[in-house]
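Below is the file model_2.csv, which contains CSV, C-alpha atoms.
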chain,number,residue,atom,x,y,z
A,1,MET,CA,-25.6,-15.6,27.2
A,2,ILE,CA,-24.6,-12.1,28.0
A,3,ARG,CA,-27.3,-9.5,27.3
A,4,LEU,CA,-27.2,-5.7,26.9
A,5,LYS,CA,-29.0,-5.5,30.2
A,6,ASP,CA,-26.1,-7.3,31.9
A,7,ILE,CA,-23.6,-4.9,30.5
A,8,ALA,CA,-25.7,-1.9,31.4
A,9,GLU,CA,-25.9,-3.1,35.0
A,10,ALA,CA,-22.1,-3.7,35.2
A,11,CYS,CA,-21.4,-0.2,33.8
A,12,GLY,CA,-24.1,1.6,35.7
A,13,VAL,CA,-25.7,3.0,32.5
A,14,SER,CA,-28.9,2.5,30.6
A,15,VAL,CA,-29.4,-0.3,28.0
A,16,ALA,CA,-29.9,2.4,25.3
A,17,THR,CA,-26.5,3.9,26.2
A,18,VAL,CA,-24.8,0.4,25.9
A,19,SER,CA,-26.5,-0.2,22.5
A,20,ARG,CA,-25.4,3.1,21.1
A,21,ALA,CA,-21.8,2.6,22.3
A,22,LEU,CA,-21.5,-0.9,20.9
A,23,ASN,CA,-23.0,0.2,17.5
A,24,GLY,CA,-20.7,3.2,17.2
A,25,VAL,CA,-23.6,5.6,16.9
A,26,THR,CA,-23.1,7.5,20.2
A,27,ASN,CA,-22.2,11.0,21.1
A,28,GLU,CA,-21.4,10.0,24.6
A,29,ASN,CA,-18.1,10.7,26.3
A,30,LYS,CA,-15.3,8.8,24.5
A,31,GLU,CA,-13.9,7.4,27.7
A,32,ARG,CA,-17.3,6.1,28.8
A,33,THR,CA,-17.8,4.6,25.3
A,34,ALA,CA,-14.4,2.8,25.5
A,35,TYR,CA,-15.2,1.6,29.0
A,36,ILE,CA,-18.5,0.1,27.9
A,37,CYS,CA,-16.9,-1.6,24.9
A,38,GLN,CA,-14.1,-3.0,27.0
A,39,THR,CA,-16.5,-4.3,29.7
A,40,ALA,CA,-18.6,-6.0,27.0
A,41,ARG,CA,-15.5,-7.8,25.6
A,42,GLN,CA,-14.4,-8.8,29.1
A,43,MET,CA,-17.9,-10.2,29.8
A,44,GLY,CA,-17.8,-12.2,26.6
A,45,TYR,CA,-20.5,-10.3,24.7
A,46,TYR,CA,-20.6,-10.8,20.9
A,47,PRO,CA,-23.2,-8.9,19.0
A,48,ASN,CA,-25.4,-10.6,16.5
A,49,ALA,CA,-24.1,-9.3,13.1
A,50,ALA,CA,-27.3,-9.7,11.2
A,51,ALA,CA,-29.3,-7.9,13.9
A,52,ARG,CA,-26.8,-5.1,14.1
A,53,THR,CA,-26.9,-4.7,10.3
A,54,LEU,CA,-30.7,-4.3,10.3
A,55,LYS,CA,-30.5,-1.8,13.1
A,56,THR,CA,-27.7,0.4,11.9
A,57,SER,CA,-27.9,-0.2,8.1
A,58,ARG,CA,-24.2,-1.0,8.3
A,59,SER,CA,-22.6,-4.4,7.9
A,60,ARG,CA,-19.3,-3.2,9.5
A,61,ASN,CA,-17.7,-5.1,6.6
A,62,ILE,CA,-15.2,-3.6,4.2
A,63,GLY,CA,-14.3,-4.9,0.8
A,64,ILE,CA,-10.7,-5.3,-0.4
A,65,LEU,CA,-10.1,-5.3,-4.1
A,66,TYR,CA,-6.8,-7.0,-5.0
A,67,GLU,CA,-6.6,-8.6,-8.5
A,68,ASP,CA,-3.0,-10.0,-8.4
A,69,ARG,CA,-1.6,-13.1,-6.8
A,70,MET,CA,-0.9,-12.8,-3.1
A,71,ASN,CA,2.9,-13.4,-3.5
A,72,HIS,CA,4.3,-9.9,-3.0
A,73,GLU,CA,5.4,-9.0,0.5
A,74,TYR,CA,4.6,-5.3,0.1
A,75,PHE,CA,0.9,-6.1,-0.6
A,76,SER,CA,0.7,-8.8,2.0
A,77,SER,CA,2.1,-6.5,4.6
A,78,LEU,CA,-0.4,-3.8,3.5
A,79,LEU,CA,-3.3,-6.3,3.9
A,80,ASP,CA,-2.0,-7.3,7.3
A,81,GLU,CA,-1.9,-3.7,8.5
A,82,LEU,CA,-5.4,-3.1,7.1
A,83,ARG,CA,-6.7,-6.1,8.9
A,84,SER,CA,-5.2,-5.0,12.2
A,85,ALA,CA,-6.4,-1.4,11.8
A,86,ALA,CA,-9.9,-2.6,10.8
A,87,ASP,CA,-10.1,-5.0,13.8
A,88,GLU,CA,-9.3,-2.2,16.2
A,89,ARG,CA,-12.3,-0.3,14.8
A,90,GLY,CA,-14.6,-3.3,14.9
A,91,TYR,CA,-14.7,-3.9,11.1
A,92,ASP,CA,-14.2,-7.1,9.1
A,93,LEU,CA,-12.5,-7.4,5.7
A,94,THR,CA,-13.8,-9.3,2.7
A,95,LEU,CA,-11.9,-9.9,-0.6
A,96,ILE,CA,-14.1,-9.0,-3.6
A,97,GLY,CA,-14.0,-10.0,-7.2
A,98,ARG,CA,-16.0,-10.7,-10.3
A,99,THR,CA,-18.1,-13.8,-10.7
A,100,GLU,CA,-16.8,-16.6,-12.9
A,101,ASN,CA,-19.2,-15.8,-15.7
A,102,GLY,CA,-18.1,-12.2,-15.6
A,103,ARG,CA,-21.6,-10.8,-15.3
A,104,GLU,CA,-21.2,-9.3,-11.9
A,105,THR,CA,-19.0,-6.3,-11.6
A,106,TYR,CA,-17.0,-5.2,-8.6
A,107,TYR,CA,-19.8,-2.7,-7.8
A,108,ASP,CA,-22.4,-5.4,-8.0
A,109,HIS,CA,-20.4,-7.7,-5.8
A,110,ALA,CA,-19.9,-4.9,-3.2
A,111,ARG,CA,-23.7,-4.2,-3.2
A,112,ARG,CA,-24.6,-7.9,-3.0
A,113,ARG,CA,-22.4,-8.4,0.0
A,114,ASN,CA,-23.8,-5.2,1.6
A,115,LEU,CA,-20.3,-3.8,2.1
A,116,ASP,CA,-20.0,-0.5,3.9
A,117,GLY,CA,-17.0,0.5,1.7
A,118,VAL,CA,-14.1,-0.7,-0.4
A,119,ILE,CA,-10.4,-0.2,-0.5
A,120,VAL,CA,-8.7,-0.8,-3.8
A,121,ILE,CA,-5.2,-2.1,-3.3
A,122,GLN,CA,-4.2,-3.4,-6.6
A,123,ALA,CA,-6.2,-3.5,-9.9
A,124,ASP,CA,-6.3,-2.5,-13.5
A,125,PHE,CA,-7.1,1.1,-12.7
A,126,GLU,CA,-8.1,1.8,-16.3
A,127,SER,CA,-10.7,-1.0,-16.2
A,128,PRO,CA,-14.4,0.2,-16.5
A,129,ASP,CA,-15.2,-2.0,-13.5
A,130,VAL,CA,-12.7,-0.2,-11.3
A,131,ILE,CA,-13.7,3.3,-12.6
A,132,ARG,CA,-17.4,2.4,-12.0
A,133,LEU,CA,-16.7,1.4,-8.4
A,134,ALA,CA,-14.4,4.4,-7.6
A,135,GLY,CA,-17.1,6.8,-8.9
A,136,SER,CA,-20.1,5.1,-7.3
A,137,ASP,CA,-22.1,5.8,-4.2
A,138,ILE,CA,-20.1,3.2,-2.2
A,139,PRO,CA,-17.4,4.8,-0.2
A,140,THR,CA,-14.1,3.9,-1.8
A,141,VAL,CA,-10.5,4.5,-1.1
A,142,VAL,CA,-7.9,3.9,-3.8
A,143,ILE,CA,-4.2,3.2,-3.0
A,144,ASP,CA,-1.5,4.5,-5.3
A,145,GLN,CA,-3.8,5.9,-8.0
A,146,ASN,CA,-5.7,9.2,-8.3
A,147,PHE,CA,-9.4,9.3,-9.2
A,148,GLU,CA,-11.3,12.6,-9.3
A,149,GLY,CA,-13.8,12.8,-6.4
A,150,CYS,CA,-12.4,9.7,-4.7
A,151,ASP,CA,-10.3,9.3,-1.6
A,152,CYS,CA,-6.7,8.3,-2.6
A,153,VAL,CA,-3.7,7.3,-0.5
A,154,SER,CA,-0.3,7.1,-2.1
A,155,SER,CA,3.3,6.5,-1.2
A,156,ASP,CA,5.6,9.4,-2.1
A,157,ASN,CA,6.5,7.8,-5.4
A,158,ARG,CA,7.9,10.9,-7.1
A,159,ALA,CA,9.7,12.3,-4.0
A,160,SER,CA,11.1,8.9,-3.1
A,161,VAL,CA,13.0,8.5,-6.3
A,162,GLU,CA,14.3,12.1,-6.0
A,163,ARG,CA,15.7,11.2,-2.6
A,164,ILE,CA,17.2,7.9,-3.9
A,165,VAL,CA,19.0,9.7,-6.8
A,166,ARG,CA,20.2,12.5,-4.6
A,167,TYR,CA,21.6,10.0,-2.1
A,168,ALA,CA,23.5,8.2,-4.9
A,169,TRP,CA,24.7,11.5,-6.2
A,170,GLU,CA,26.0,12.5,-2.8
A,171,LYS,CA,28.0,9.2,-2.8
A,172,GLY,CA,29.7,10.4,-6.0
A,173,HIS,CA,27.6,8.6,-8.6
A,174,ARG,CA,27.0,10.4,-11.9
A,175,LYS,CA,26.1,7.5,-14.2
A,176,ILE,CA,22.8,6.4,-12.7
A,177,ALA,CA,20.5,3.9,-14.6
A,178,PHE,CA,16.9,3.2,-13.9
A,179,ILE,CA,15.1,-0.1,-14.6
A,180,THR,CA,11.4,0.7,-14.2
A,181,GLY,CA,8.4,-1.5,-13.6
A,182,GLN,CA,5.7,-1.8,-16.3
A,183,VAL,CA,3.8,1.4,-17.2
A,184,SER,CA,1.4,2.5,-14.5
A,185,ALA,CA,0.5,5.6,-12.5
A,186,VAL,CA,3.1,4.6,-9.8
A,187,MET,CA,5.9,4.2,-12.4
A,188,ARG,CA,5.0,7.4,-14.2
A,189,GLU,CA,5.4,9.3,-10.9
A,190,ARG,CA,8.7,7.6,-10.1
A,191,LEU,CA,10.0,8.2,-13.6
A,192,SER,CA,9.0,11.8,-13.5
A,193,GLY,CA,10.9,12.2,-10.2
A,194,PHE,CA,14.0,10.5,-11.8
A,195,TYR,CA,14.2,12.9,-14.7
A,196,LYS,CA,13.4,15.9,-12.5
A,197,ILE,CA,16.2,15.3,-10.0
A,198,CYS,CA,18.7,14.3,-12.7
A,199,ALA,CA,18.1,17.6,-14.5
A,200,GLU,CA,18.3,19.5,-11.1
A,201,LEU,CA,21.7,17.8,-10.3
A,202,GLY,CA,23.1,18.0,-13.8
A,203,ILE,CA,23.2,14.3,-14.3
A,204,ARG,CA,23.1,13.3,-18.0
A,205,VAL,CA,20.6,10.4,-18.6
A,206,THR,CA,22.6,8.3,-21.0
A,207,ASP,CA,20.9,6.4,-23.9
A,208,GLY,CA,19.9,3.0,-22.7
A,209,PHE,CA,20.2,3.9,-19.0
A,210,VAL,CA,16.4,3.9,-18.6
A,211,ARG,CA,14.8,0.5,-19.5
A,212,GLU,CA,11.3,-0.8,-18.8
A,213,GLY,CA,11.2,-4.0,-16.8
A,214,GLN,CA,8.5,-5.6,-14.7
A,215,PHE,CA,7.6,-5.3,-11.1
A,216,HIS,CA,8.5,-8.4,-9.0
A,217,ASP,CA,10.4,-10.0,-11.9
A,218,PRO,CA,14.0,-10.9,-10.8
A,219,GLU,CA,14.8,-12.6,-14.1
A,220,ARG,CA,13.8,-9.6,-16.2
A,221,CYS,CA,15.7,-7.2,-14.0
A,222,ALA,CA,18.8,-9.4,-14.0
A,223,GLU,CA,18.7,-9.6,-17.8
A,224,ILE,CA,18.5,-5.9,-18.2
A,225,ALA,CA,21.2,-5.2,-15.6
A,226,ARG,CA,23.5,-7.7,-17.3
A,227,GLU,CA,23.0,-6.0,-20.6
A,228,MET,CA,23.8,-2.6,-19.1
A,229,MET,CA,27.0,-4.0,-17.6
A,230,SER,CA,28.1,-5.6,-20.9
A,231,GLY,CA,28.2,-2.3,-22.8
A,232,GLU,CA,31.1,0.1,-23.1
A,233,ASP,CA,29.4,2.9,-21.2
A,234,LYS,CA,28.5,1.2,-17.9
A,235,PRO,CA,26.4,2.8,-15.1
A,236,THR,CA,27.9,3.0,-11.6
A,237,CYS,CA,24.5,2.7,-10.0
A,238,ILE,CA,21.3,0.9,-11.1
A,239,LEU,CA,17.9,1.7,-9.5
A,240,CYS,CA,15.6,-1.4,-9.6
A,241,PRO,CA,11.8,-1.4,-9.6
A,242,ASP,CA,11.5,-3.4,-6.4
A,243,ASP,CA,13.5,-5.4,-3.9
A,244,TYR,CA,12.8,-8.8,-5.4
A,245,SER,CA,13.9,-7.6,-8.9
A,246,CYS,CA,17.0,-6.0,-7.3
A,247,MET,CA,17.9,-9.3,-5.6
A,248,GLY,CA,17.6,-11.1,-9.0
A,249,ALA,CA,20.0,-8.6,-10.5
A,250,LEU,CA,22.4,-8.9,-7.5
A,251,TRP,CA,22.6,-12.7,-7.6
A,252,ASP,CA,22.9,-12.8,-11.4
A,253,LEU,CA,25.7,-10.2,-11.6
A,254,LYS,CA,27.6,-11.8,-8.8
A,255,ALA,CA,27.4,-15.1,-10.6
A,256,ALA,CA,28.9,-13.4,-13.7
A,257,GLY,CA,31.8,-12.1,-11.6
A,258,VAL,CA,30.5,-8.5,-11.2
A,259,ARG,CA,31.2,-7.3,-7.7
A,260,ILE,CA,28.4,-5.5,-5.8
A,261,PRO,CA,28.9,-2.7,-4.9
A,262,GLU,CA,32.5,-2.3,-6.0
A,263,ASP,CA,31.8,-2.7,-9.8
A,264,VAL,CA,28.2,-1.4,-9.7
A,265,SER,CA,25.8,-0.3,-7.0
A,266,LEU,CA,22.2,-1.5,-6.8
A,267,ILE,CA,19.3,0.2,-5.1
A,268,GLY,CA,15.9,-1.6,-4.5
A,269,TYR,CA,12.4,-0.4,-3.5
A,270,ASP,CA,9.8,-1.5,-1.0
A,271,GLY,CA,12.0,-2.5,2.0
A,272,VAL,CA,10.9,-6.1,2.2
A,273,ARG,CA,12.3,-8.2,5.1
A,274,MET,CA,14.5,-10.3,2.9
A,275,SER,CA,16.3,-7.2,1.7
A,276,ARG,CA,17.8,-6.9,5.3
A,277,MET,CA,18.7,-10.6,5.5
A,278,ILE,CA,20.9,-11.1,2.3
A,279,ARG,CA,24.5,-10.1,2.0
A,280,PRO,CA,25.3,-7.6,0.9
A,281,MET,CA,22.3,-6.1,2.5
A,282,LEU,CA,20.2,-4.1,0.0
A,283,THR,CA,20.1,-0.3,0.0
A,284,THR,CA,16.4,0.3,-0.5
A,285,TYR,CA,13.5,2.6,-0.1
A,286,ARG,CA,11.0,1.3,2.5
A,287,GLN,CA,7.3,2.0,2.0
A,288,ASN,CA,5.4,2.7,5.2
A,289,THR,CA,2.6,0.1,4.9
A,290,GLU,CA,1.4,0.8,8.4
A,291,ALA,CA,0.8,4.5,7.7
A,292,LEU,CA,-0.7,3.7,4.3
A,293,ALA,CA,-3.2,1.3,5.8
A,294,ARG,CA,-4.2,3.6,8.7
A,295,GLU,CA,-4.6,6.6,6.4
A,296,ALA,CA,-6.7,4.5,3.9
A,297,LEU,CA,-8.9,3.0,6.6
A,298,GLY,CA,-9.3,6.4,8.4
A,299,LEU,CA,-10.5,8.1,5.2
A,300,LEU,CA,-12.9,5.2,4.4
A,301,LEU,CA,-14.4,5.1,7.9
A,302,GLU,CA,-14.9,8.9,7.9
A,303,ALA,CA,-16.8,8.5,4.6
A,304,ILE,CA,-18.9,5.7,6.0
A,305,GLU,CA,-19.6,7.1,9.5
A,306,LYS,CA,-19.8,10.8,8.7
A,307,PRO,CA,-21.0,11.0,5.0
A,308,GLU,CA,-22.4,14.6,5.4
A,309,GLU,CA,-19.1,16.0,6.7
A,310,HIS,CA,-16.6,13.9,4.6
A,311,LYS,CA,-14.8,15.5,1.6
A,312,PRO,CA,-12.6,13.2,-0.6
A,313,ARG,CA,-8.9,13.9,-0.1
A,314,GLN,CA,-5.6,12.8,-1.5
A,315,VAL,CA,-3.0,11.8,1.1
A,316,THR,CA,0.7,11.1,0.5
A,317,VAL,CA,2.6,8.9,2.9
A,318,GLU,CA,6.4,9.2,3.2
A,319,GLY,CA,8.7,6.2,3.4
A,320,MET,CA,12.3,6.1,4.4
A,321,LEU,CA,15.7,5.2,2.9
A,322,ASP,CA,17.3,2.1,4.3
A,323,GLU,CA,21.1,2.4,4.0
A,324,GLY,CA,22.3,-1.0,3.2
A,325,GLU,CA,25.5,-2.3,1.7
A,326,THR,CA,24.9,-2.3,-2.1
A,327,LEU,CA,25.6,1.4,-2.7
A,328,ALA,CA,29.3,2.3,-2.8
A,329,GLU,CA,30.9,5.7,-2.3
A,330,ILE,CA,33.0,6.6,-5.3

Could you render the structure from this file as structure tokens?
Amino acid sequence: MIRLKDIAEACGVSVATVSRALNGVTNENKERTAYICQTARQMGYYPNAAARTLKTSRSRNIGILYEDRMNHEYFSSLLDELRSAADERGYDLTLIGRTENGRETYYDHARRRNLDGVIVIQADFESPDVIRLAGSDIPTVVIDQNFEGCDCVSSDNRASVERIVRYAWEKGHRKIAFITGQVSAVMRERLSGFYKICAELGIRVTDGFVREGQFHDPERCAEIAREMMSGEDKPTCILCPDDYSCMGALWDLKAAGVRIPEDVSLIGYDGVRMSRMIRPMLTTYRQNTEALAREALGLLLEAIEKPEEHKPRQVTVEGMLDEGETLAEI
């Protein structure tokens, strides 16, 4: 069994210095701290989690609040990036939820598990449970939603749609339709960006060209797209709420004899891997899950490790437009 004394002898420092370095509570030179931690790993040292918690008052465990099913590549990619970033900083992740009888709130769960902080990825943001957690004394970072006095990290939802519409406009499109996801803060931002850029570019938003669909619902998106293409006044380009929905519209329209992008162009959102594998390859807006994860974790660890210095901030992460094959130039 490797002891702190063994590591101290190998590094030529005191046991106290090793202890501070491994517990992340040192003001020592960063290079020396990194060297001590690396030496400890190479020697096969694993700290006793329970003892470390008692000593530092931290569990080095972060809660992840995700209410939906784990079947969306965007969220699974975000979780994977969070896990990788947390592992680099020596933290573990724990999914949290309510108890079956509903008596324990998210806040209660986080307190019972002695979590150092929580990252809210997906939830009903108007729920009293979520609002209670976001406004509590537990350091909390919320993704894609703004809470007063709480750290928030968001994709560039408004600006991204502005970029998408402008890109379609530059390709000659003037009849641009938008199938939205269900009402949410994210969709309100995207819809605001849509109307703003249409007004700026002089694009008339035709009646029936903005329809509410559902995120991650290929059947619903396909149904709305088919209805749009069956009318007399047809769009030349349709923005979809996400890539999976867009693929549903693409396959359904092609089955009905509608050519993509010759008869109508389609643009997705998220930039999931499958969007690059199908033909025609989707034109889509790819969210930067790595940057979202690292910004969220960075804010949370600052709140955990430097509570006196930390001030809640709102950070916006920019994605990028993937030029595929579903947007025609007209």

Task: A:Thr289 environment, 7 Å, only C-alpha atoms, sequence neighbours closer than 2 positions dropped, as a PyMOL selection string - done: chain A and resi 77-78+81+287+291-293

Open item on the list: Taking 2 positions as the minimum chain separation for residues in the same chain, which residues sit within 10 Å of stretch 324-329 of chain A when counting all atoms listed in the file? Answer as a ChimeraX atom specification.
Closed with: /A:167-173,236-238,250,259-268,275-276,278-284,321-322

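The coordinates place atom CA of A:Ala222 at 18.2 Å from atom CA of A:His72.
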
Task: Long-range neighbours of stretch 140-153 of chain A as a ChimeraX atom specification, 10 Å cut-off, only C-alpha atoms, 5 positions minimum in chain - done: /A:62-65,116-123,125,130-131,133-135,184-186,291-301,303-304,310-317

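If you look at atom CA of A:Tyr106 and atom CA of A:Asp129, they are 6.1 Å away from each other.
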
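Residue nearest A:Arg83, chosen from A:Asn61, A:Thr206, A:Ser230, A:Asn71 and counting all atoms listed in the file: A:Asn61.
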
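One finds atom CA of A:Thr180 at 13.5 Å from atom CA of A:Asp270.
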
TODO: Find the spatial neighbours of A:Glu189, counting only C-alpha atoms, within a cut-off of 6 Å - ignore same-chain residues fewer than 3 positions away - and output them as a PyMOL selection string.
DONE: chain A and resi 157-158+186+192

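With all atoms listed in the file as the atoms that count, the residue of A:Glu31, A:Arg273, A:Ile36, A:Tyr285 with the shortest distance to A:Leu4 is A:Ile36.
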
TODO: Tell me which protein, DNA and RNA residues are within 9 Å of A:Lys5, counting all atoms listed in the file, leaving out same-chain ones fewer than 3 positions away, and put them as number ranges by chain.
DONE: A: 2, 8-10, 14-15, 18

Any chance you can output those residues with C-alpha atoms as a PDB file, in the coordinates of the input?
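To be explicit, this is the file written out as out-v2.pdb:
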ATOM      1  CA  ILE A   2     -24.600 -12.100  28.000  1.00  0.00           C
ATOM      2  CA  ALA A   8     -25.700  -1.900  31.400  1.00  0.00           C
ATOM      3  CA  GLU A   9     -25.900  -3.100  35.000  1.00  0.00           C
ATOM      4  CA  ALA A  10     -22.100  -3.700  35.200  1.00  0.00           C
ATOM      5  CA  SER A  14     -28.900   2.500  30.600  1.00  0.00           C
ATOM      6  CA  VAL A  15     -29.400  -0.300  28.000  1.00  0.00           C
ATOM      7  CA  VAL A  18     -24.800   0.400  25.900  1.00  0.00           C
TER       8      VAL A  18
END

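For the residues A:Phe194, A:Phe75, A:Tyr66, A:Tyr107, ranking by smallest atom-to-atom distance to A:His216 using all atoms listed in the file places A:Phe75 first.
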